[in-house]
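Student: Input file: work-v4.txt. Contents: compact mmCIF, C-alpha atoms and all ligand atoms.
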# COMPACT_ATOMS: atom_id res chain seq x y z
CA MET A 1471 0.63 3.13 3.77
CA LYS A 1472 -2.36 4.53 5.50
CA ARG A 1473 -3.79 7.93 5.47
CA LYS A 1474 -6.76 9.86 6.48
CA ALA A 1475 -8.36 12.68 4.62
CA GLN A 1476 -10.71 15.14 6.14
CA ILE A 1477 -13.27 16.64 3.83
CA SER A 1478 -15.57 18.95 5.57
CA GLN A 1479 -17.86 21.91 5.46
CA SER A 1480 -17.00 25.12 7.10
CA GLU A 1481 -19.79 27.21 8.45
CA GLU A 1482 -18.72 30.36 6.74
CA PRO A 1483 -17.55 30.56 3.13
CA GLU A 1484 -14.10 32.04 2.69
CA SER A 1485 -13.54 35.11 0.59
CA VAL A 1486 -11.70 34.52 -2.68
CA GLN A 1487 -8.26 35.97 -3.15
CA ASP A 1488 -6.99 35.93 -6.66
CA THR A 1489 -3.31 36.54 -6.22
CA ASP A 1490 -0.18 34.89 -7.50
CA ILE A 1491 1.64 33.99 -4.35
CA VAL A 1492 5.20 32.85 -4.22
CA ARG A 1493 5.73 29.75 -2.14
CA LYS A 1494 6.56 31.10 1.23
CA LYS A 1495 6.34 30.68 4.95
CA VAL A 1496 3.32 32.57 6.14
CA LYS A 1497 1.69 33.14 9.45
CA PRO A 1498 -1.07 30.83 10.67
CA LEU A 1499 -4.49 31.56 9.23
CA ASN A 1500 -5.66 32.61 12.63
CA THR A 1501 -4.19 33.30 16.00
CA PRO A 1502 -3.83 30.03 17.82
CA CYS A 1503 -6.53 29.48 20.39
CA SER A 1504 -5.57 30.18 23.96
CA GLU A 1505 -6.82 26.72 25.00
CA SER A 1506 -3.84 25.32 23.21
CA PRO A 1507 -1.02 27.83 23.39
CA GLU A 1508 1.55 25.31 22.17
CA THR A 1509 -0.24 25.12 18.83
CA GLU A 1510 1.81 27.24 16.49
CA PRO A 1511 1.85 25.17 13.38
CA SER A 1512 4.04 26.29 10.55
CA PHE A 1513 2.74 26.16 7.04
CA ILE A 1514 3.41 27.25 3.51
CA GLU A 1515 1.05 28.59 0.93
CA LEU A 1516 1.51 26.97 -2.45
CA GLU A 1517 2.07 29.23 -5.40
CA MET A 1518 -1.05 28.33 -7.35
CA PRO A 1519 -2.99 30.87 -9.42
CA GLN A 1520 -6.69 30.96 -8.63
CA ALA A 1521 -6.28 28.57 -5.73
CA GLN A 1522 -5.69 28.73 -2.02
CA VAL A 1523 -3.73 25.71 -0.90
CA TYR A 1524 -1.74 25.52 2.32
CA TYR A 1525 0.54 22.77 3.54
CA TYR A 1526 1.03 22.37 7.28
CA SER A 1527 4.08 20.41 8.28
CA PRO A 1528 3.23 17.85 10.96
CA ILE A 1529 0.74 19.22 13.45
CA PHE A 1530 0.74 16.02 15.52
CA SER A 1531 3.59 14.42 17.42
CA LEU A 1532 5.02 11.18 16.08
CA GLN A 1533 3.58 9.35 19.06
CA ASP A 1534 0.08 10.75 18.42
CA CYS A 1535 0.39 9.89 14.72
CA THR A 1536 1.21 6.29 15.60
CA SER A 1537 -1.70 6.01 17.96
CA TYR A 1538 -4.22 7.71 15.61
CA TYR A 1539 -2.97 5.55 12.77
CA SER A 1540 -3.69 2.37 14.67
CA ALA A 1541 -7.00 3.67 16.02
CA LEU A 1542 -8.13 4.59 12.49
CA ALA A 1543 -6.88 1.35 11.00
CA SER A 1544 -8.91 -0.64 13.49
CA LEU A 1545 -12.23 1.08 12.69
CA SER A 1546 -14.82 -1.41 11.55
CA TYR A 1547 -16.41 0.78 8.86
CA TRP A 1548 -13.81 0.55 6.09
CA SER A 1549 -15.06 -0.51 2.67
CA ARG A 1550 -14.05 -0.15 -0.96
CA PRO A 1551 -16.36 2.36 -2.69
CA ILE A 1552 -18.03 1.35 -5.92
CA PHE A 1553 -18.12 3.89 -8.74
CA LYS A 1554 -20.71 4.06 -11.47
CA VAL A 1555 -19.46 6.07 -14.43
CA HIS A 1556 -21.24 5.91 -17.84
CA GLY A 1557 -23.08 2.73 -16.77
CA ARG A 1558 -19.83 0.96 -15.86
CA THR A 1559 -19.05 0.01 -12.30
CA SER A 1560 -15.62 -0.26 -10.77
CA GLN A 1561 -14.14 -0.50 -7.31
CA ALA A 1562 -11.86 2.13 -5.83
CA HIS A 1563 -8.23 1.31 -5.10
CA ARG A 1564 -8.49 2.43 -1.51
CA LEU A 1565 -10.73 1.97 1.49
CA THR A 1566 -13.01 4.69 2.79
CA CYS A 1567 -15.45 5.45 5.56
CA SER A 1568 -17.24 8.61 6.62
CA PHE A 1569 -18.59 10.25 9.70
CA GLY A 1570 -20.82 13.28 10.01
CA SER A 1571 -22.53 15.37 12.60
CA THR A 1572 -25.93 14.34 11.25
CA ALA A 1573 -27.00 11.27 9.29
CA ASP A 1574 -28.13 13.30 6.26
CA LYS A 1575 -24.60 14.48 5.38
CA VAL A 1576 -23.46 13.01 2.11
CA TYR A 1577 -20.52 13.76 -0.13
CA ASN A 1578 -21.07 12.92 -3.80
CA TYR A 1579 -18.07 12.55 -6.04
CA SER A 1580 -16.96 10.66 -9.15
CA GLY A 1581 -20.08 8.52 -9.53
CA THR A 1582 -20.23 7.49 -5.91
CA SER A 1583 -21.45 8.96 -2.69
CA ALA A 1584 -19.89 8.87 0.71
CA LYS A 1585 -22.71 8.53 3.18
CA VAL A 1586 -22.27 8.87 6.88
CA ASP A 1587 -21.35 5.47 8.37
CA SER A 1588 -21.95 6.72 11.87
CA ILE A 1589 -22.91 9.99 13.51
CA ASP A 1590 -20.72 9.08 16.47
CA TYR A 1591 -17.25 10.35 15.63
CA PRO A 1592 -14.75 7.76 16.85
CA HIS A 1593 -12.66 9.13 19.69
CA SER A 1594 -9.49 9.59 17.63
CA ILE A 1595 -11.38 11.54 14.95
CA LYS A 1596 -13.01 13.73 17.56
CA ILE A 1597 -9.58 14.70 18.88
CA ILE A 1598 -8.13 15.30 15.40
CA LYS A 1599 -11.19 17.32 14.42
CA GLU A 1600 -10.99 19.46 17.55
CA LYS A 1601 -7.30 20.11 16.99
CA ILE A 1602 -7.75 21.30 13.42
CA GLU A 1603 -10.80 23.32 14.39
CA ILE A 1604 -8.62 25.19 16.85
CA ILE A 1605 -5.82 25.68 14.34
CA LEU A 1606 -8.14 26.85 11.56
CA ASN A 1607 -10.74 28.59 13.66
CA ALA A 1608 -13.44 26.76 11.72
CA LYS A 1609 -16.06 24.10 12.41
CA PHE A 1610 -16.26 20.86 10.47
CA ASN A 1611 -19.24 18.56 10.26
CA PHE A 1612 -18.19 15.77 7.92
CA VAL A 1613 -15.13 13.61 7.50
CA LEU A 1614 -14.18 11.21 4.75
CA LEU A 1615 -11.34 8.85 5.53
CA ASN A 1616 -9.19 7.35 2.79
CA TRP A 1617 -6.92 4.43 3.55
CA TYR A 1618 -4.22 3.78 0.97
CA GLN A 1619 -2.98 0.41 2.06
CA SER A 1620 -0.03 0.31 -0.29
CA GLY A 1621 1.68 2.33 -3.00
CA ASN A 1622 -0.75 0.69 -5.42
CA ASP A 1623 -3.71 2.41 -3.82
CA TYR A 1624 -4.46 5.87 -5.14
CA ILE A 1625 -7.07 8.50 -5.86
CA GLY A 1626 -7.34 9.66 -9.46
CA GLU A 1627 -7.39 13.24 -10.71
CA HIS A 1628 -10.48 15.00 -9.49
CA SER A 1629 -11.85 18.17 -7.98
CA ASP A 1630 -13.78 17.82 -4.80
CA SER A 1631 -17.42 18.22 -5.62
CA GLU A 1632 -18.78 21.16 -3.74
CA LYS A 1633 -22.35 20.00 -4.11
CA GLY A 1634 -23.49 19.57 -0.54
CA LEU A 1635 -20.43 21.39 0.80
CA VAL A 1636 -20.34 25.03 1.66
CA PRO A 1637 -19.22 26.65 -1.63
CA GLN A 1638 -15.55 27.57 -1.47
CA GLY A 1639 -15.43 26.41 2.13
CA ILE A 1640 -12.38 24.91 3.77
CA ILE A 1641 -11.42 21.34 2.98
CA ALA A 1642 -8.79 20.08 5.39
CA SER A 1643 -6.95 16.85 4.77
CA VAL A 1644 -4.82 15.29 7.49
CA SER A 1645 -2.44 12.42 6.69
CA PHE A 1646 -1.01 9.65 8.80
CA GLY A 1647 1.40 6.95 7.76
CA ALA A 1648 4.06 6.77 5.09
CA PRO A 1649 4.46 9.97 3.07
CA ARG A 1650 2.51 10.19 -0.19
CA THR A 1651 2.62 12.82 -2.88
CA ILE A 1652 -0.35 14.96 -3.79
CA ILE A 1653 -0.25 16.52 -7.25
CA PHE A 1654 -2.34 19.52 -8.22
CA LYS A 1655 -3.07 20.07 -11.91
CA ASN A 1656 -4.45 23.23 -13.37
CA LYS A 1657 -7.63 22.56 -15.35
CA SER A 1658 -6.93 24.91 -18.25
CA ASP A 1659 -3.12 24.85 -18.41
CA LYS A 1660 -2.30 21.14 -18.28
CA LYS A 1661 1.40 21.86 -17.87
CA LEU A 1662 0.83 23.81 -14.69
CA THR A 1663 1.23 21.37 -11.83
CA ARG A 1664 2.24 21.48 -8.18
CA LYS A 1665 3.50 18.61 -6.10
CA ILE A 1666 3.79 18.25 -2.39
CA VAL A 1667 4.75 15.36 -0.15
CA LEU A 1668 2.28 14.78 2.64
CA GLU A 1669 4.22 13.80 5.69
CA ASN A 1670 2.99 11.75 8.61
CA GLY A 1671 0.78 14.05 10.70
CA SER A 1672 0.68 16.85 8.15
CA MET A 1673 -2.36 18.74 6.88
CA VAL A 1674 -3.35 20.27 3.56
CA ILE A 1675 -5.98 22.97 3.29
CA MET A 1676 -7.81 23.69 0.07
CA LYS A 1677 -10.23 26.57 -0.09
CA GLY A 1678 -11.63 29.37 -2.19
CA THR A 1679 -11.62 28.64 -5.91
CA THR A 1680 -9.15 25.74 -5.71
CA GLN A 1681 -11.70 23.12 -6.76
CA ARG A 1682 -12.98 25.26 -9.62
CA PHE A 1683 -9.62 25.75 -11.32
CA TRP A 1684 -7.53 22.79 -10.17
CA LYS A 1685 -7.69 19.04 -9.89
CA HIS A 1686 -5.75 16.95 -7.42
CA THR A 1687 -4.60 13.34 -7.24
CA ILE A 1688 -2.65 11.00 -4.99
CA PRO A 1689 -1.04 8.87 -7.70
CA LYS A 1690 0.19 5.31 -7.38
CA GLU A 1691 3.72 5.11 -6.03
CA LYS A 1692 4.93 1.68 -6.90
CA LYS A 1693 8.24 2.12 -5.15
CA ILE A 1694 6.63 3.15 -1.97
CA LYS A 1695 7.21 1.66 1.34
CA ASP A 1696 3.81 0.33 2.36
CA GLY A 1697 4.23 1.71 5.83
CA PRO A 1698 5.43 -0.17 8.84
CA PHE A 1699 5.77 -3.79 7.92
CA PRO A 1700 3.36 -5.84 10.01
CA LEU A 1701 5.55 -8.36 11.75
CA PRO A 1702 4.11 -11.42 13.35
CA PHE A 1703 5.56 -11.78 16.80
CA ILE A 1704 5.68 -15.46 17.44
CA GLY A 1705 6.52 -16.09 21.03
CA SER A 1706 5.80 -18.15 24.01
CA TYR A 1707 3.52 -16.61 26.56
CA TYR A 1708 5.89 -17.26 29.41
CA LEU A 1709 8.91 -15.88 27.60
CA ILE A 1710 7.27 -12.59 26.65
CA PHE A 1711 5.54 -12.19 29.97
CA GLN A 1712 8.65 -12.84 32.02
CA LYS A 1713 10.69 -10.48 29.88
CA THR A 1714 8.32 -7.57 30.13
CA GLY A 1715 6.15 -8.36 33.12
CA LEU A 1716 4.12 -5.24 32.54
CA LEU A 1717 0.63 -4.65 33.69
CA GLY A 1718 -1.76 -4.48 30.76
CA LEU A 1719 0.41 -6.59 28.54
CA GLY A 1720 0.24 -9.31 31.16
CA GLU A 1721 -3.55 -9.19 31.08
CA LEU A 1722 -3.60 -9.18 27.32
CA LEU A 1723 -1.28 -12.15 27.16
CA GLU A 1724 -3.26 -13.95 29.83
CA SER A 1725 -6.43 -13.68 27.77
CA LEU A 1726 -4.59 -14.70 24.60
CA HIS A 1727 -3.14 -17.62 26.46
CA GLN A 1728 -6.56 -18.72 27.62
CA GLN A 1729 -7.88 -18.44 24.11
CA TYR A 1730 -5.01 -19.97 22.15
CA GLY A 1731 -2.80 -21.94 24.50
CA ASP A 1732 0.93 -21.72 25.14
CA ILE A 1733 2.02 -20.51 21.74
CA PHE A 1734 0.31 -17.81 19.74
CA GLU A 1735 1.09 -14.99 17.36
CA LEU A 1736 0.90 -11.29 18.11
CA TRP A 1737 0.52 -9.17 15.02
CA THR A 1738 1.48 -5.59 15.43
CA LYS A 1739 2.11 -2.61 13.24
CA HIS A 1740 3.05 -0.40 16.10
CA ARG A 1741 6.03 0.14 18.22
CA PHE A 1742 6.03 -1.61 21.53
CA ILE A 1743 7.33 1.34 23.49
CA GLU A 1744 4.68 0.93 26.13
CA TYR A 1745 5.80 -2.66 26.56
CA GLY A 1746 9.36 -1.63 27.25
CA LEU A 1747 10.65 -3.00 23.96
CA ILE A 1748 12.63 -0.11 22.61
CA ASP A 1749 11.63 1.43 19.35
CA ASN A 1750 14.61 0.88 17.10
CA GLY A 1751 15.74 -1.86 14.84
CA VAL A 1752 14.44 -4.71 12.81
CA PHE A 1753 12.40 -6.08 15.70
CA ASN A 1754 10.11 -3.06 15.57
CA ASN A 1755 10.67 -2.34 11.94
CA ASN A 1756 10.88 1.30 12.75
CA ASP A 1757 12.08 3.66 10.10
CA ILE A 1758 13.71 6.07 12.50
CA HIS A 1759 17.02 5.88 10.70
CA GLY A 1760 15.47 5.43 7.29
CA SER A 1761 16.33 1.75 7.47
CA TRP A 1762 12.98 0.12 7.41
CA LYS A 1763 12.95 -0.32 3.67
CA PHE A 1764 16.14 -2.25 4.06
CA ASN A 1765 14.65 -4.33 6.86
CA ARG A 1766 11.65 -5.07 4.77
CA MET A 1767 13.81 -6.14 1.88
CA VAL A 1768 15.79 -8.46 4.13
CA PHE A 1769 12.60 -9.91 5.56
CA SER A 1770 10.91 -10.30 2.21
CA ASN A 1771 13.98 -11.84 0.64
CA ALA A 1772 14.59 -14.14 3.53
CA LEU A 1773 11.04 -15.19 4.22
CA MET A 1774 9.60 -15.39 0.74
CA ARG A 1775 12.29 -17.55 -0.83
CA PRO A 1776 10.97 -21.02 -1.72
CA LYS A 1777 14.43 -22.31 -0.79
CA LEU A 1778 13.84 -21.14 2.78
CA ASP A 1779 10.61 -23.18 2.93
CA ARG A 1780 12.35 -26.27 1.62
CA ASP A 1781 15.34 -25.80 3.93
CA ALA A 1782 13.09 -25.10 6.91
CA LEU A 1783 11.15 -28.27 6.21
CA GLN A 1784 14.35 -30.28 5.92
CA TRP A 1785 15.82 -28.75 9.10
CA THR A 1786 12.59 -29.46 10.98
CA ILE A 1787 12.64 -33.11 9.93
CA GLU A 1788 16.31 -33.43 10.92
CA LEU A 1789 15.72 -31.73 14.27
CA ILE A 1790 12.72 -33.93 15.04
CA GLU A 1791 14.72 -37.05 14.19
CA GLU A 1792 17.55 -35.82 16.40
CA MET A 1793 15.16 -35.10 19.25
CA GLU A 1794 13.47 -38.47 18.82
CA SER A 1795 16.78 -40.29 18.99
CA CYS A 1796 17.73 -38.21 22.00
CA TRP A 1797 14.45 -39.04 23.76
CA HIS A 1798 14.92 -42.64 22.82
CA ARG A 1799 18.37 -42.70 24.44
CA ILE A 1800 17.04 -40.90 27.53
CA SER A 1801 14.15 -43.32 27.82
CA ILE A 1802 16.58 -46.24 27.69
CA ILE A 1803 18.76 -44.68 30.42
CA ILE A 1804 15.74 -43.77 32.58
CA GLY A 1805 14.24 -47.18 31.93
CA GLU A 1806 17.42 -48.87 33.15
CA LYS A 1807 17.61 -46.54 36.16
CA ASP A 1808 13.93 -47.16 37.01
CA LEU A 1809 14.49 -50.88 36.74
CA ASN A 1810 17.51 -50.59 39.04
CA ASP A 1811 15.37 -48.58 41.50
CA VAL A 1812 12.70 -51.25 41.46
CA ASN A 1813 15.27 -53.96 42.04
O1 LIG A 1901 -6.12 11.49 0.60
C1 LIG A 1901 -6.03 12.69 0.36
O2 LIG A 1901 -5.23 13.42 0.93
C2 LIG A 1901 -6.91 13.29 -0.68
C3 LIG A 1901 -8.22 12.62 -0.77
C4 LIG A 1901 -9.09 13.32 -1.70
O3 LIG A 1901 -8.66 14.08 -2.51
C5 LIG A 1901 -10.54 13.10 -1.63
O4 LIG A 1901 -11.00 12.25 -0.88
O5 LIG A 1901 -11.24 13.80 -2.35
FE FE A 1902 -10.18 15.29 -3.28
Could you express the structure from this file as structure tokens?

Tutor:
Amino acid sequence: MKRKAQISQSEEPESVQDTDIVRKKVKPLNTPCSESPETEPSFIELEMPQAQVYYYSPIFSLQDCTSYYSALASLSYWSRPIFKVHGRTSQAHRLTCSFGSTADKVYNYSGTSAKVDSIDYPHSIKIIKEKIEIILNAKFNFVLLNWYQSGNDYIGEHSDSEKGLVPQGIIASVSFGAPRTIIFKNKSDKKLTRKIVLENGSMVIMKGTTQRFWKHTIPKEKKIKDGPFPLPFIGSYYLIFQKTGLLGLGELLESLHQQYGDIFELWTKHRFIEYGLIDNGVFNNNDIHGSWKFNRMVFSNALMRPKLDRDALQWTIELIEEMESCWHRISIIIGEKDLNDVN
């Protein structure tokens, strides 16, 4: 499961509204910008005393989510942060990286600090940032990405430290990948909690006094689907190329062929729509019909069984023996024929 969180400063602090709001559909925080008239995201405001939290149901198309997901996953900056708390060090159960408008931006939290890995926002982040800036009518200058690679990865209960951020400014968090749950816990009334599932392409906004009175966490979700199951495509260059014959893929395969020879593996986590391989079914491991968990189970059960290894080994030996005896017979026949030809 992979996700991206956006933690940023807004240029202007928001005013604090201290109202008890019932969970409801409300209008966008601002009028959508005319540059993007199709942007009319729907969102709800969570009923949380002394907090301003909004959940935007997906603001990106499924196709964009898939492409941002892969672009973010292939960034080279990911690392596991190290925390120092009370003299003890530990490593986070997630990967992070950060980008900022200037190199001095730093976000300190829970005994660690997220420093800017690069002041060049990767292309995908630039686009995401611009989109949310339009939706929220705000400017952001720092982004922290969190990658939860499986249901075992998590972020513990915390409030975002506002040291270095504009006090009570907007913190926007966009998610891509399998849905994960965010839980908000009130600091003084421990029983007061709020839960929301962050869907692929969705966004959560925290602002005002949220950090002061509430903590939040993305807990472990052992049962969770880790996201699209990365399937190794093992194929022959000629087979795949002839089947698809598409420009781009052909070039890719050509270079792979040059590098690795006739048989190589293609690892992919993405759908191969652009290659003309349709997006349903076990082949693509796509969860369109909520079946991918089942596919994964079948794959895991089938592939991980030691019996399969033993059987596969045995079958391979038998097949090789069969082929050898076949070749042997052919060589005898050809040998006789060749001899006849010579005579
Ligand atoms: O991943 C998220 O949505 C939340 C991350 C978060 O709370 C943080 O980085 O402070
Ligand atoms: Fe946070």

Student: Skip region 1591-1600 of chain A itself and residues of its chain fewer than 4 positions away, then list as a PyMOL selection string all residues within 9 Å of it, counting all atoms listed in the file.

Tutor: chain A and resi 1476+1530+1537-1538+1541-1542+1545+1569-1571+1604-1605+1609-1610+1613+1644

Student: Give me, as CSV, each residue of chain A that comes within 9 Å of ligand LIG 1901 (chain A), together with its shortest interatomic pair and the distance in Å at one decimal, counting all atoms listed in the file, with rows ordered by chain and rising residue number.

Tutor:
residue,atom,partner,partner_atom,distance
A:Arg1473,CA,A:LIG1901,O1,6.5
A:Lys1474,CA,A:LIG1901,O1,6.1
A:Ala1475,CA,A:LIG1901,O1,4.8
A:Gln1476,CA,A:LIG1901,O4,7.6
A:Ile1477,CA,A:LIG1901,O4,6.8
A:Thr1566,CA,A:LIG1901,O4,8.6
A:Tyr1579,CA,A:LIG1901,O5,7.9
A:Leu1614,CA,A:LIG1901,O4,6.5
A:Leu1615,CA,A:LIG1901,O4,7.3
A:Asn1616,CA,A:LIG1901,O1,5.6
A:Trp1617,CA,A:LIG1901,O1,7.7
A:Tyr1618,CA,A:LIG1901,O1,7.9
A:Tyr1624,CA,A:LIG1901,O1,8.2
A:Ile1625,CA,A:LIG1901,C3,6.6
A:Gly1626,CA,A:LIG1901,O3,8.3
A:Glu1627,CA,A:LIG1901,O3,8.3
A:His1628,CA,A:LIG1901,O3,7.3
A:Ser1629,CA,A:LIG1901,O5,7.2
A:Asp1630,CA,A:LIG1901,O5,5.3
A:Ser1631,CA,A:LIG1901,O5,8.3
A:Ala1642,CA,A:LIG1901,O2,8.8
A:Ser1643,CA,A:LIG1901,O2,5.4
A:Val1644,CA,A:LIG1901,O2,6.8
A:Ser1645,CA,A:LIG1901,O2,6.5
A:Arg1650,CA,A:LIG1901,O2,8.5
A:Thr1651,CA,A:LIG1901,O2,8.7
A:Ile1652,CA,A:LIG1901,O2,7.0
A:Leu1668,CA,A:LIG1901,O2,7.8
A:Met1673,CA,A:LIG1901,O2,8.5
A:Val1674,CA,A:LIG1901,O2,7.6
A:Lys1685,CA,A:LIG1901,O3,8.9
A:His1686,CA,A:LIG1901,O3,6.4
A:Thr1687,CA,A:LIG1901,O3,6.3
A:Ile1688,CA,A:LIG1901,C2,6.5

Student: What is the CA of Met1518 (chain A)-CA of Arg1682 (chain A) distance in Å, reported with one decimal?

Tutor: 12.5 Å

Student: Taking (-8.8, 29.8, -2.9) in the file's coordinates as the center, which residues reach within 6 Å of it, counting all atoms listed in the file, put as a ChimeraX atom specification?

Tutor: /A:1486,1521-1522,1677-1680

Student: Could you check which of A:Phe1769, A:Ile1653, A:Asn1670, A:Glu1788 is closest to ligand FE 1902 (chain A), using only C-alpha atoms and all ligand atoms?

Tutor: A:Ile1653

Student: Work out how far atom FE of ligand FE 1902 (chain A) is from CA of Asn1622 (chain A), in Å to one decimal.

Tutor: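 According to the coordinates, CA of Asn1622 (chain A) and atom FE of ligand FE 1902 (chain A) are separated by 17.5 Å.
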
Student: Expressed in Å to a single decimal, how great is the separation between CA of Phe1646 (chain A) and CA of Val1768 (chain A)?

Tutor: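 Interatomic distance, CA of Phe1646 (chain A) to CA of Val1768 (chain A): 25.1 Å.
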
Student: Rank nothing, just name the residue among A:Asn1611, A:Phe1654, A:Lys1777, A:Trp1797 nearest to Ile1666 (chain A), using all atoms listed in the file.

Tutor: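 The answer is A:Phe1654, which sits nearest to Ile1666 (chain A).
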
Student: Measuring atom to atom with all atoms listed in the file, identify which of A:Ser1588, A:Arg1799, A:Tyr1577, A:Ile1733 is nearest to ligand FE 1902 (chain A).

Tutor: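 Ranking A:Ser1588, A:Arg1799, A:Tyr1577, A:Ile1733 by distance to ligand FE 1902 (chain A), first place goes to A:Tyr1577.
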
Student: Taking all atoms listed in the file into account, which of A:Cys1535, A:Ile1641, A:Phe1683, A:His1556 comes nearest ligand FE 1902 (chain A)?

Tutor: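 Looking at the shortest contact to ligand FE 1902 (chain A), the residue is A:Ile1641.
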
Student: Which is closest to ligand FE 1902 (chain A) among A:Thr1536, A:Gln1681, A:Ser1546, A:Gln1619, if we use only C-alpha atoms and all ligand atoms?

Tutor: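 Result for the nearest residue to ligand FE 1902 (chain A): A:Gln1681.
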
Student: Which residue, A:Trp1684, A:Leu1565, A:Gly1671, A:Ala1543, has the smallest gap to ligand FE 1902 (chain A) when you use all atoms listed in the file?

Tutor: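 Of A:Trp1684, A:Leu1565, A:Gly1671, A:Ala1543, the one nearest ligand FE 1902 (chain A), counting all atoms listed in the file, is A:Trp1684.
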